[in-house]
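This is my_file.cif (mmCIF, C-alpha atoms).
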data_coords
#
loop_
_atom_site.label_atom_id
_atom_site.label_comp_id
_atom_site.auth_asym_id
_atom_site.auth_seq_id
_atom_site.Cartn_x
_atom_site.Cartn_y
_atom_site.Cartn_z
CA SER A 38 -39.80 -4.20 17.46
CA ALA A 39 -37.89 -4.87 14.20
CA ILE A 40 -36.34 -1.42 14.20
CA GLY A 41 -35.58 -1.31 17.89
CA LEU A 42 -38.11 1.38 18.56
CA ASP A 43 -41.18 0.63 20.75
CA LEU A 44 -44.12 3.02 20.70
CA GLU A 45 -46.28 2.87 23.86
CA CYS A 46 -49.53 4.87 24.18
CA THR A 47 -51.02 5.68 27.56
CA GLY A 48 -53.97 7.93 28.44
CA ARG A 49 -56.38 8.98 31.12
CA GLY A 50 -60.16 8.70 30.65
CA ARG A 51 -61.76 8.16 27.32
CA PRO A 52 -60.71 9.61 24.02
CA GLY A 53 -62.16 13.03 23.41
CA GLY A 54 -61.72 14.14 27.02
CA GLY A 55 -64.65 12.23 28.64
CA PRO A 56 -64.21 10.42 31.95
CA GLY A 57 -63.36 6.77 31.76
CA PRO A 58 -64.88 4.08 33.89
CA GLY A 59 -64.08 4.25 37.57
CA THR A 60 -63.23 7.95 37.51
CA TYR A 61 -64.76 10.77 39.55
CA ASP A 62 -66.58 13.51 37.62
CA ALA A 63 -67.32 16.59 39.81
CA ASP A 64 -69.35 18.37 37.13
CA ALA A 65 -71.78 15.45 36.78
CA GLU A 66 -72.34 15.32 40.55
CA LEU A 67 -73.13 19.04 40.73
CA ALA A 68 -75.55 18.72 37.84
CA GLY A 69 -77.40 15.89 39.59
CA ARG A 70 -77.80 17.88 42.80
CA ALA A 71 -79.26 20.77 40.88
CA GLY A 72 -81.86 18.52 39.27
CA TRP A 73 -80.26 18.64 35.86
CA ARG A 74 -80.36 15.68 33.56
CA ALA A 75 -76.87 14.62 32.71
CA VAL A 76 -76.49 13.76 29.08
CA ALA A 77 -73.56 11.54 28.16
CA PRO A 78 -71.41 13.00 25.37
CA PRO A 79 -71.57 11.18 22.05
CA PRO A 80 -68.75 8.64 21.35
CA PRO A 81 -65.86 10.10 19.40
CA PRO A 82 -65.79 9.39 15.68
CA PRO A 83 -63.19 6.89 14.44
CA PRO A 84 -59.93 8.48 13.30
CA PRO A 85 -60.11 9.42 9.63
CA ARG A 86 -58.04 7.47 7.12
CA ALA A 87 -55.90 10.56 6.51
CA THR A 88 -54.72 10.49 10.14
CA VAL A 89 -53.61 6.85 9.79
CA ASN A 90 -51.73 7.68 6.62
CA ILE A 91 -49.95 10.55 8.37
CA ILE A 92 -48.87 8.24 11.21
CA ILE A 93 -47.51 5.70 8.72
CA LEU A 94 -45.70 8.47 6.86
CA VAL A 95 -44.12 9.80 10.07
CA VAL A 96 -42.84 6.31 11.00
CA ALA A 97 -41.47 5.81 7.47
CA VAL A 98 -39.65 9.16 7.60
CA ALA A 99 -38.18 8.26 10.99
CA LEU A 100 -36.91 4.96 9.61
CA PHE A 101 -35.43 6.73 6.57
CA LEU A 102 -33.63 9.26 8.77
CA LEU A 103 -32.20 6.48 10.94
CA VAL A 104 -30.84 4.68 7.89
CA LEU A 105 -29.50 7.93 6.44
CA HIS A 106 -27.76 8.78 9.71
CA HIS A 107 -26.13 5.35 9.82
CA ASN A 108 -24.89 5.66 6.24
CA PHE A 109 -23.61 9.16 6.89
CA LEU A 110 -21.53 7.93 9.82
CA SER A 111 -20.08 5.14 7.66
CA LEU A 112 -19.27 7.59 4.87
CA ASN A 113 -17.72 10.01 7.31
CA SER A 114 -15.50 7.25 8.67
CA LEU A 115 -14.45 6.32 5.14
CA LEU A 116 -13.57 9.89 4.23
CA ARG A 117 -11.38 10.21 7.32
CA ASN A 118 -9.31 7.30 5.99
CA GLU A 119 -8.99 8.57 2.43
CA VAL A 120 -5.67 9.81 1.10
CA SER A 121 -5.81 13.58 1.27
CA ASP A 122 -5.09 15.75 -1.75
CA SER A 123 -1.33 15.82 -2.07
CA GLY A 124 -1.26 19.13 -3.87
CA ILE A 125 0.98 17.60 -6.53
CA VAL A 126 -0.64 16.57 -9.78
CA GLY A 127 -0.20 12.96 -10.76
CA LEU A 128 -0.49 11.34 -7.35
CA GLN A 129 -4.17 10.98 -6.62
CA PRO A 130 -6.17 8.20 -4.95
CA ILE A 131 -8.36 6.08 -7.19
CA ASP A 132 -9.86 3.54 -4.85
CA PHE A 133 -10.05 2.54 -1.20
CA ILE A 134 -11.27 -0.66 0.39
CA PRO A 135 -11.50 -0.17 4.17
CA ASN A 136 -12.90 -3.49 5.28
CA ALA A 137 -10.72 -5.99 7.09
CA PRO A 138 -11.89 -8.96 9.14
CA GLN A 139 -12.21 -8.08 12.81
CA HIS A 140 -10.65 -11.34 13.94
CA ALA A 141 -7.48 -10.63 11.97
CA VAL A 142 -6.82 -6.98 12.81
CA ASP A 143 -6.80 -5.19 16.11
CA GLY A 144 -8.09 -1.69 15.46
CA ARG A 145 -5.92 -0.34 18.27
CA GLN A 146 -2.75 -1.39 16.48
CA GLU A 147 -0.65 1.15 14.64
CA GLU A 148 -1.35 1.17 10.92
CA ILE A 149 1.52 -0.20 8.82
CA PRO A 150 1.65 1.42 5.36
CA VAL A 151 3.26 -0.79 2.69
CA VAL A 152 3.93 0.90 -0.65
CA ILE A 153 4.30 -1.30 -3.72
CA ALA A 154 4.32 -0.44 -7.42
CA ALA A 155 2.16 -2.50 -9.77
CA SER A 156 2.79 -2.23 -13.52
CA GLU A 157 0.54 -4.02 -15.99
CA ASP A 158 3.18 -6.47 -17.24
CA ARG A 159 4.28 -7.37 -13.69
CA LEU A 160 0.92 -7.30 -11.96
CA GLY A 161 1.11 -10.94 -10.90
CA GLY A 162 4.26 -10.16 -8.93
CA ALA A 163 2.58 -7.43 -6.92
CA ILE A 164 -0.40 -9.70 -6.20
CA ALA A 165 1.84 -12.51 -4.92
CA ALA A 166 3.84 -10.10 -2.73
CA ILE A 167 0.67 -8.60 -1.21
CA ASN A 168 -0.80 -12.05 -0.57
CA SER A 169 2.36 -13.25 1.20
CA ILE A 170 2.47 -10.17 3.45
CA GLN A 171 -1.20 -10.40 4.38
CA HIS A 172 -1.07 -14.10 5.30
CA ASN A 173 2.02 -13.82 7.48
CA THR A 174 0.90 -11.04 9.80
CA ARG A 175 -1.96 -10.11 12.12
CA SER A 176 -0.93 -6.46 12.09
CA ASN A 177 -2.99 -3.57 10.75
CA VAL A 178 -1.46 -3.38 7.26
CA ILE A 179 -2.73 -1.09 4.51
CA PHE A 180 -1.29 -1.40 1.01
CA TYR A 181 -0.66 1.68 -1.10
CA ILE A 182 -0.58 0.22 -4.60
CA VAL A 183 0.93 2.67 -7.07
CA THR A 184 0.02 2.10 -10.69
CA LEU A 185 -0.74 3.82 -13.97
CA ASN A 186 -4.27 4.88 -14.76
CA GLY A 187 -4.87 2.20 -17.38
CA THR A 188 -4.02 -0.62 -14.97
CA ALA A 189 -6.40 0.36 -12.15
CA ASP A 190 -9.45 -1.58 -13.38
CA HIS A 191 -7.43 -4.74 -14.01
CA LEU A 192 -5.84 -4.48 -10.57
CA ARG A 193 -9.18 -3.85 -8.88
CA SER A 194 -10.76 -6.93 -10.44
CA TRP A 195 -7.80 -9.05 -9.31
CA LEU A 196 -7.99 -7.72 -5.76
CA SER A 197 -11.65 -8.70 -5.59
CA SER A 198 -10.63 -12.38 -5.59
CA SER A 199 -11.92 -14.26 -2.58
CA THR A 200 -8.37 -14.85 -1.32
CA LEU A 201 -7.65 -11.11 -1.25
CA LYS A 202 -10.97 -9.71 -0.07
CA SER A 203 -9.68 -9.16 3.47
CA ILE A 204 -6.86 -6.79 2.54
CA ARG A 205 -7.04 -3.04 3.02
CA TYR A 206 -5.62 -1.03 0.16
CA LYS A 207 -5.52 2.24 -1.71
CA ILE A 208 -4.81 2.45 -5.43
CA VAL A 209 -2.86 5.59 -6.34
CA ASN A 210 -2.38 6.78 -9.90
CA PHE A 211 1.17 7.78 -10.84
CA ASP A 212 1.40 10.34 -13.63
CA SER A 213 4.61 9.92 -15.62
CA LYS A 214 4.58 13.68 -16.30
CA LEU A 215 6.21 14.04 -12.90
CA LEU A 216 9.39 12.67 -14.46
CA GLU A 217 9.63 15.08 -17.38
CA GLY A 218 13.15 16.47 -17.58
CA LYS A 219 14.35 14.08 -14.89
CA VAL A 220 14.85 10.83 -16.81
CA LYS A 221 16.92 10.38 -19.94
CA GLU A 222 15.66 7.81 -22.42
CA ASP A 223 18.27 5.09 -22.76
CA PRO A 224 17.39 1.97 -24.76
CA ASP A 225 20.16 0.07 -23.01
CA GLN A 226 18.41 0.44 -19.65
CA GLY A 227 15.22 -1.37 -20.71
CA GLU A 228 12.75 -1.82 -17.88
CA SER A 229 14.67 0.37 -15.45
CA ILE A 230 13.32 3.60 -17.02
CA LYS A 231 9.69 2.67 -16.52
CA PRO A 232 7.89 5.42 -14.56
CA LEU A 233 6.73 3.27 -11.63
CA THR A 234 10.31 2.46 -10.63
CA PHE A 235 10.50 6.06 -9.36
CA ALA A 236 7.42 5.85 -7.12
CA ARG A 237 9.68 5.21 -4.12
CA PHE A 238 11.05 8.76 -4.47
CA TYR A 239 7.63 10.21 -3.61
CA LEU A 240 6.71 8.29 -0.45
CA PRO A 241 5.55 11.26 1.68
CA ILE A 242 3.14 12.23 -1.10
CA LEU A 243 1.87 8.69 -1.59
CA VAL A 244 1.31 8.22 2.14
CA PRO A 245 0.65 11.79 3.31
CA SER A 246 -0.64 11.07 6.81
CA ALA A 247 1.91 8.44 7.90
CA LYS A 248 5.04 9.02 9.94
CA LYS A 249 6.68 5.82 8.76
CA ALA A 250 6.26 3.45 5.80
CA ILE A 251 7.72 0.39 4.09
CA TYR A 252 8.55 0.34 0.41
CA MET A 253 9.14 -2.89 -1.50
CA ASP A 254 9.49 -4.01 -5.09
CA ASP A 255 6.95 -6.30 -6.73
CA ASP A 256 9.40 -9.20 -7.15
CA VAL A 257 9.46 -10.23 -3.50
CA ILE A 258 7.83 -12.81 -1.27
CA VAL A 259 7.52 -12.09 2.47
CA GLN A 260 7.84 -15.10 4.77
CA GLY A 261 8.06 -13.24 8.09
CA ASP A 262 5.77 -10.90 9.98
CA ILE A 263 5.98 -7.48 8.31
CA LEU A 264 5.67 -5.89 11.76
CA ALA A 265 9.28 -6.89 12.52
CA LEU A 266 10.52 -5.02 9.44
CA TYR A 267 8.35 -2.01 10.27
CA ASN A 268 9.92 -1.89 13.75
CA THR A 269 13.45 -1.59 12.32
CA PRO A 270 15.19 1.05 14.47
CA LEU A 271 16.36 4.14 12.57
CA LYS A 272 19.12 6.30 14.00
CA PRO A 273 18.35 9.95 14.77
CA GLY A 274 18.54 12.04 11.61
CA HIS A 275 18.18 9.04 9.30
CA ALA A 276 15.24 9.10 6.88
CA ALA A 277 15.55 5.48 5.73
CA ALA A 278 16.99 2.05 6.50
CA PHE A 279 18.28 -0.12 3.65
CA SER A 280 19.93 -3.50 3.30
CA GLU A 281 23.67 -3.15 2.70
CA ASP A 282 24.95 -4.91 -0.42
CA CYS A 283 28.00 -6.19 1.44
CA ASP A 284 26.21 -7.28 4.61
CA SER A 285 27.08 -10.92 3.96
CA ALA A 286 29.24 -12.92 1.59
CA SER A 287 26.19 -14.52 -0.03
CA THR A 288 24.96 -11.17 -1.40
CA LYS A 289 28.17 -10.23 -3.20
CA VAL A 290 27.66 -10.60 -6.92
CA VAL A 291 29.98 -9.61 -9.72
CA ILE A 292 28.07 -8.54 -12.81
CA ARG A 293 29.98 -9.30 -15.99
CA GLY A 294 31.13 -6.04 -17.53
CA ALA A 295 29.68 -3.94 -14.71
CA GLY A 296 32.28 -4.37 -12.01
CA ASN A 297 31.22 -4.85 -8.42
CA GLN A 298 27.53 -4.45 -7.80
CA TYR A 299 28.04 -3.92 -4.10
CA ASN A 300 29.95 -0.61 -4.08
CA TYR A 301 29.50 2.94 -5.33
CA ILE A 302 31.78 2.64 -8.34
CA GLY A 303 29.31 0.19 -9.86
CA TYR A 304 26.66 2.93 -10.02
CA LEU A 305 28.41 6.31 -10.39
CA ASP A 306 30.85 7.66 -12.94
CA TYR A 307 33.85 8.79 -10.91
CA LYS A 308 35.40 10.36 -14.01
CA LYS A 309 32.83 13.15 -13.73
CA GLU A 310 33.98 16.17 -11.75
CA ARG A 311 30.62 16.62 -10.00
CA ILE A 312 30.83 13.10 -8.61
CA ARG A 313 34.45 13.52 -7.50
CA LYS A 314 33.55 16.74 -5.68
CA LEU A 315 31.13 14.77 -3.46
CA SER A 316 34.17 13.06 -1.88
CA MET A 317 32.35 9.76 -1.67
CA LYS A 318 34.70 6.78 -1.55
CA ALA A 319 34.23 4.59 -4.61
CA SER A 320 34.67 1.48 -2.46
CA THR A 321 31.79 2.45 -0.16
CA CYS A 322 29.29 -0.36 0.23
CA SER A 323 26.13 0.33 -1.75
CA PHE A 324 22.65 -0.65 -0.64
CA ASN A 325 19.60 -2.19 -2.28
CA PRO A 326 16.61 0.18 -2.63
CA GLY A 327 14.14 -2.60 -3.46
CA VAL A 328 13.12 -2.95 0.19
CA PHE A 329 13.45 -0.21 2.79
CA VAL A 330 11.83 1.41 5.81
CA ALA A 331 11.34 5.19 5.71
CA ASN A 332 10.93 7.74 8.48
CA LEU A 333 8.62 10.07 6.56
CA THR A 334 8.82 12.85 9.13
CA GLU A 335 12.58 13.00 8.66
CA TRP A 336 12.21 12.51 4.90
CA LYS A 337 10.04 15.61 4.65
CA ARG A 338 12.25 17.60 7.02
CA GLN A 339 15.29 16.97 4.83
CA ASN A 340 13.38 17.43 1.53
CA ILE A 341 14.65 14.05 0.33
CA THR A 342 12.30 14.02 -2.67
CA ASN A 343 13.63 17.37 -3.88
CA GLN A 344 17.21 16.19 -3.43
CA LEU A 345 16.54 13.05 -5.47
CA GLU A 346 14.91 15.05 -8.25
CA LYS A 347 17.92 17.38 -8.30
CA TRP A 348 20.32 14.50 -9.01
CA MET A 349 17.97 13.03 -11.60
CA LYS A 350 18.03 16.33 -13.51
CA LEU A 351 21.82 16.64 -13.20
CA ASN A 352 22.25 13.14 -14.61
CA VAL A 353 20.12 14.07 -17.63
CA GLU A 354 22.38 17.09 -18.20
CA GLU A 355 25.78 15.60 -17.36
CA GLY A 356 25.49 11.79 -17.41
CA LEU A 357 26.61 11.07 -13.85
CA TYR A 358 25.73 7.39 -13.66
CA SER A 359 28.13 4.59 -14.47
CA ARG A 360 28.21 3.61 -18.15
CA THR A 361 28.02 -0.03 -17.08
CA LEU A 362 25.33 0.64 -14.49
CA ALA A 363 24.82 -2.25 -12.10
CA GLY A 364 21.08 -2.40 -11.53
CA SER A 365 18.29 0.14 -11.81
CA ILE A 366 18.79 3.85 -12.52
CA THR A 367 16.78 4.60 -9.39
CA THR A 368 19.75 3.49 -7.26
CA PRO A 369 22.40 6.20 -8.02
CA PRO A 370 20.45 9.24 -6.74
CA LEU A 371 19.53 7.30 -3.58
CA LEU A 372 23.20 6.37 -3.05
CA ILE A 373 24.20 10.05 -3.31
CA VAL A 374 21.46 11.46 -1.08
CA PHE A 375 21.79 8.76 1.59
CA TYR A 376 25.60 8.52 1.58
CA GLN A 377 26.58 7.60 5.14
CA GLN A 378 23.16 8.86 6.23
CA HIS A 379 21.03 5.74 6.47
CA SER A 380 20.34 2.92 8.90
CA THR A 381 20.36 -0.77 8.01
CA ILE A 382 17.74 -3.48 8.03
CA ASP A 383 18.28 -7.10 8.99
CA PRO A 384 19.91 -8.91 6.00
CA MET A 385 17.32 -11.69 6.32
CA TRP A 386 14.68 -9.10 5.38
CA ASN A 387 16.16 -8.75 1.87
CA VAL A 388 17.67 -12.03 0.72
CA ARG A 389 18.23 -11.11 -2.90
CA HIS A 390 19.73 -12.03 -6.26
CA LEU A 391 17.28 -14.90 -6.66
CA GLY A 392 16.66 -13.55 -10.15
CA SER A 393 20.28 -13.04 -11.16
CA SER A 394 20.48 -16.53 -12.67
CA ALA A 395 18.38 -19.61 -13.27
CA GLY A 396 20.46 -21.61 -10.82
CA LYS A 397 19.95 -21.95 -7.08
CA ARG A 398 22.45 -20.02 -5.02
CA TYR A 399 21.14 -20.66 -1.51
CA SER A 400 20.52 -23.80 0.51
CA PRO A 401 16.92 -24.87 1.15
CA GLN A 402 17.43 -24.26 4.88
CA PHE A 403 18.63 -20.68 4.27
CA VAL A 404 15.74 -19.91 1.92
CA LYS A 405 13.24 -21.26 4.43
CA ALA A 406 14.73 -19.09 7.20
CA ALA A 407 14.69 -15.92 5.06
CA LYS A 408 12.12 -13.32 6.09
CA LEU A 409 11.95 -11.84 2.60
CA LEU A 410 13.01 -13.33 -0.74
CA HIS A 411 13.89 -10.93 -3.55
CA TRP A 412 14.07 -11.97 -7.22
CA ASN A 413 16.02 -8.91 -8.35
CA GLY A 414 17.71 -9.58 -11.67
CA HIS A 415 16.51 -10.66 -15.10
CA PHE A 416 14.97 -14.00 -14.12
CA LYS A 417 11.60 -13.17 -12.60
CA PRO A 418 9.59 -16.02 -11.06
CA TRP A 419 6.59 -15.26 -13.28
CA GLY A 420 8.61 -15.03 -16.48
CA ARG A 421 11.75 -16.81 -17.53
CA THR A 422 13.05 -19.90 -15.83
CA ALA A 423 14.07 -18.75 -12.35
CA SER A 424 15.11 -20.30 -9.09
CA TYR A 425 12.71 -21.14 -6.26
CA THR A 426 9.61 -20.64 -8.40
CA ASP A 427 7.79 -23.22 -6.29
CA ILE A 428 8.00 -20.88 -3.29
CA TRP A 429 6.76 -17.93 -5.30
CA GLU A 430 3.86 -19.82 -6.89
CA LYS A 431 2.58 -20.79 -3.44
CA TRP A 432 1.51 -17.15 -3.03
CA TYR A 433 0.51 -16.41 -6.60
CA ILE A 434 -3.21 -16.04 -7.32
CA PRO A 435 -4.29 -16.63 -10.94
CA ASP A 436 -5.66 -13.61 -12.76
CA PRO A 437 -9.48 -13.89 -12.92
CA THR A 438 -9.47 -11.84 -16.14
CA GLY A 439 -6.94 -14.12 -17.84
CA LYS A 440 -4.82 -11.15 -19.02
CA PHE A 441 -1.78 -12.15 -16.96
CA SER A 442 -0.34 -15.63 -17.22
CA LEU A 443 2.89 -17.28 -16.16
CA ILE A 444 5.49 -17.75 -18.86
CA ARG A 445 7.86 -20.60 -18.32
CA ARG A 446 10.78 -20.73 -20.71
CA HIS A 447 12.39 -24.01 -19.83
CA VAL A 448 16.00 -24.46 -20.71
CA GLU A 449 16.50 -27.27 -23.15
CA ILE A 450 19.13 -29.67 -21.95
CA SER A 451 20.81 -31.80 -24.57
CA ASN A 452 20.97 -35.49 -23.92
CA ILE A 453 24.44 -36.49 -22.96
CA LYS A 454 25.44 -39.78 -24.45
#
Could you write out this file's structure as structure tokens?
Amino acid sequence: SAIGLDLECTGRGRPGGGPGPGTYDADAELAGRAGWRAVAPPPPPPPPRATVNIIILVVAVALFLLVLHHNFLSLNSLLRNEVSDSGIVGLQPIDFIPNAPQHAVDGRQEEIPVVIAASEDRLGGAIAAINSIQHNTRSNVIFYIVTLNGTADHLRSWLSSSTLKSIRYKIVNFDSKLLEGKVKEDPDQGESIKPLTFARFYLPILVPSAKKAIYMDDDVIVQGDILALYNTPLKPGHAAAFSEDCDSASTKVVIRGAGNQYNYIGYLDYKKERIRKLSMKASTCSFNPGVFVANLTEWKRQNITNQLEKWMKLNVEEGLYSRTLAGSITTPPLLIVFYQQHSTIDPMWNVRHLGSSAGKRYSPQFVKAAKLLHWNGHFKPWGRTASYTDIWEKWYIPDPTGKFSLIRRHVEISNIK
């Protein structure tokens, strides 16, 4: 039948208990021998309309219960996948889309959590990064998109685009109250003091059930299979693997007025006694925290989040960061906590400084071979004139709401006579 349930009625004799044709009735035979006149019982009355209605009602209730049971199982499965209550205010799940195409994801694969921050003014960057990751892997990826409460609806409408419908994601609200007393307002720092830049400090809370996770900034494009980055080996006792800033000559950049961006002296003020007491060599190679792999079990064991918050508070009180800070203010506390206590990722998984100038610094062959391109710097591919924007725009999906649009500030070149 249509509901997969067949009802078959069988009986013996006639309704009402009388013998049916071809059956032996001992009582009738005895009555005949005794000279009695056998009187056939009257035919049973047709079933009343009320009985029919009851049968229909019973079938309807059975159908309803079947549908309810199916929906309950689906809901139960969904709840098992929800982010559990972290116990810390400000980091709560807003949304979860569990559906992914069966042909693209093997359910037996290990889930790969990718954490990415999505601020309103940079939302197009996060969308392009997510799209590039999804289209270059067949692994079981789930995106933890960290944003502020006012951006959630805009983000959700963008993610409903046909191109992105296959992704699995969770939207997590980040409450900036978490940073009270830990960040000092500095107008010279600009975008670097925005709350979402600190989301990476709270990974075990954002992804409470995972043992391992990937964090990446929103100004990246992934050209390789994210599974390879996820499988980066971490040494025993190491809670994270970063890309060293001096891992190749092409990544060494001197920032005017800021000294070397690829060592510790570019980020920390070595004139401060508290920094000197750490006995960290100023020439130590720094690392880029825009892309990294975290062992969350080790992270929690070492209370990394608490350590980072400690140095954030001390900087507010004592000003421990370099006056000519090279890069984001999220880097110094990470450099201190992970000093000589981190593993490294393949340099091709964080080919950076694409946003440090409008010019092209890498050959087309090198850019094509890169597993991950990173537009760190002032020249973002969705904003000012930047390099390799054609690669970035290949993964960009226009905003269906029209709120976000690309801004191209072309450099005017004077005619040379």
Open item on the list: Quick check, in Å to one decimal: how far apart do atom CA of Tyr299 of chain A and atom CA of Arg421 of chain A lie?
Closed with: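 Atom CA of Tyr299 of chain A sits 24.7 Å away from atom CA of Arg421 of chain A.
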TODO: Take the PyMOL selection byres ((chain A and resi 425-436) around 10), apply it to the structure above, and return the hits as a ChimeraX atom specification.
DONE: /A:160-170,172,191-192,194-196,198,200-201,256-260,391-392,395-399,401,404-405,410,412,417-420,422-424,437-443
TODO: Find the spatial neighbours of Trp386 of chain A, counting all atoms listed in the file, within a cut-off of 7 Å - ignore same-chain residues fewer than 3 positions away - and output them as a VMD selection string.
DONE: chain A and resid 382 to 383 407 to 409
TODO: With the file shown as input, list the residues that the PyMOL selection byres ((chain A and resi 331) around 12) selects, as a ChimeraX atom specification.
DONE: /A:149-152,237-241,244,247-253,266-272,274-279,326,328-330,332-337,341,375,379-382
Put those residues in a file: C-alpha atoms, as a PDB file, in the frame of the given file.
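Once written, result.pdb looks like this:
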ATOM      1  CA  ILE A 149       1.520  -0.200   8.820  1.00  0.00           C
ATOM      2  CA  PRO A 150       1.650   1.420   5.360  1.00  0.00           C
ATOM      3  CA  VAL A 151       3.260  -0.790   2.690  1.00  0.00           C
ATOM      4  CA  VAL A 152       3.930   0.900  -0.650  1.00  0.00           C
ATOM      5  CA  ARG A 237       9.680   5.210  -4.120  1.00  0.00           C
ATOM      6  CA  PHE A 238      11.050   8.760  -4.470  1.00  0.00           C
ATOM      7  CA  TYR A 239       7.630  10.210  -3.610  1.00  0.00           C
ATOM      8  CA  LEU A 240       6.710   8.290  -0.450  1.00  0.00           C
ATOM      9  CA  PRO A 241       5.550  11.260   1.680  1.00  0.00           C
ATOM     10  CA  VAL A 244       1.310   8.220   2.140  1.00  0.00           C
ATOM     11  CA  ALA A 247       1.910   8.440   7.900  1.00  0.00           C
ATOM     12  CA  LYS A 248       5.040   9.020   9.940  1.00  0.00           C
ATOM     13  CA  LYS A 249       6.680   5.820   8.760  1.00  0.00           C
ATOM     14  CA  ALA A 250       6.260   3.450   5.800  1.00  0.00           C
ATOM     15  CA  ILE A 251       7.720   0.390   4.090  1.00  0.00           C
ATOM     16  CA  TYR A 252       8.550   0.340   0.410  1.00  0.00           C
ATOM     17  CA  MET A 253       9.140  -2.890  -1.500  1.00  0.00           C
ATOM     18  CA  LEU A 266      10.520  -5.020   9.440  1.00  0.00           C
ATOM     19  CA  TYR A 267       8.350  -2.010  10.270  1.00  0.00           C
ATOM     20  CA  ASN A 268       9.920  -1.890  13.750  1.00  0.00           C
ATOM     21  CA  THR A 269      13.450  -1.590  12.320  1.00  0.00           C
ATOM     22  CA  PRO A 270      15.190   1.050  14.470  1.00  0.00           C
ATOM     23  CA  LEU A 271      16.360   4.140  12.570  1.00  0.00           C
ATOM     24  CA  LYS A 272      19.120   6.300  14.000  1.00  0.00           C
ATOM     25  CA  GLY A 274      18.540  12.040  11.610  1.00  0.00           C
ATOM     26  CA  HIS A 275      18.180   9.040   9.300  1.00  0.00           C
ATOM     27  CA  ALA A 276      15.240   9.100   6.880  1.00  0.00           C
ATOM     28  CA  ALA A 277      15.550   5.480   5.730  1.00  0.00           C
ATOM     29  CA  ALA A 278      16.990   2.050   6.500  1.00  0.00           C
ATOM     30  CA  PHE A 279      18.280  -0.120   3.650  1.00  0.00           C
ATOM     31  CA  PRO A 326      16.610   0.180  -2.630  1.00  0.00           C
ATOM     32  CA  VAL A 328      13.120  -2.950   0.190  1.00  0.00           C
ATOM     33  CA  PHE A 329      13.450  -0.210   2.790  1.00  0.00           C
ATOM     34  CA  VAL A 330      11.830   1.410   5.810  1.00  0.00           C
ATOM     35  CA  ASN A 332      10.930   7.740   8.480  1.00  0.00           C
ATOM     36  CA  LEU A 333       8.620  10.070   6.560  1.00  0.00           C
ATOM     37  CA  THR A 334       8.820  12.850   9.130  1.00  0.00           C
ATOM     38  CA  GLU A 335      12.580  13.000   8.660  1.00  0.00           C
ATOM     39  CA  TRP A 336      12.210  12.510   4.900  1.00  0.00           C
ATOM     40  CA  LYS A 337      10.040  15.610   4.650  1.00  0.00           C
ATOM     41  CA  ILE A 341      14.650  14.050   0.330  1.00  0.00           C
ATOM     42  CA  PHE A 375      21.790   8.760   1.590  1.00  0.00           C
ATOM     43  CA  HIS A 379      21.030   5.740   6.470  1.00  0.00           C
ATOM     44  CA  SER A 380      20.340   2.920   8.900  1.00  0.00           C
ATOM     45  CA  THR A 381      20.360  -0.770   8.010  1.00  0.00           C
ATOM     46  CA  ILE A 382      17.740  -3.480   8.030  1.00  0.00           C
TER      47      ILE A 382
END
Task: Ground truth for the PyMOL selection byres ((chain A and resi 186) around 9), written as a PyMOL selection string - done: chain A and resi 131+184-185+187-190+209-212
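Closest approach to Pro232 of chain A among A:Ser400, A:Ser213, A:Asn387, A:Ser199: A:Ser213, based on all atoms listed in the file.
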Open item on the list: For a test of reading the model, state the distance in Å between atom CA of Glu346 of chain A and atom CA of Tyr304 of chain A, rounded to one decimal.
Closed with: 17.0 Å
- [ ] Select, from A:Arg360, A:Arg205, A:Arg159, A:Arg389, the residue with the minimum atom-to-atom distance to Lys308 of chain A, counting only C-alpha atoms.
- [x]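 Between A:Arg360, A:Arg205, A:Arg159, A:Arg389, the residue approaching Lys308 of chain A most closely is A:Arg360.
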Open item on the list: Between atom CA of Met385 of chain A and atom CA of Arg175 of chain A, what is the distance in Å, rounded to a tenth?
Closed with: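 Pair atom CA of Met385 of chain A / atom CA of Arg175 of chain A returns 20.2 Å.
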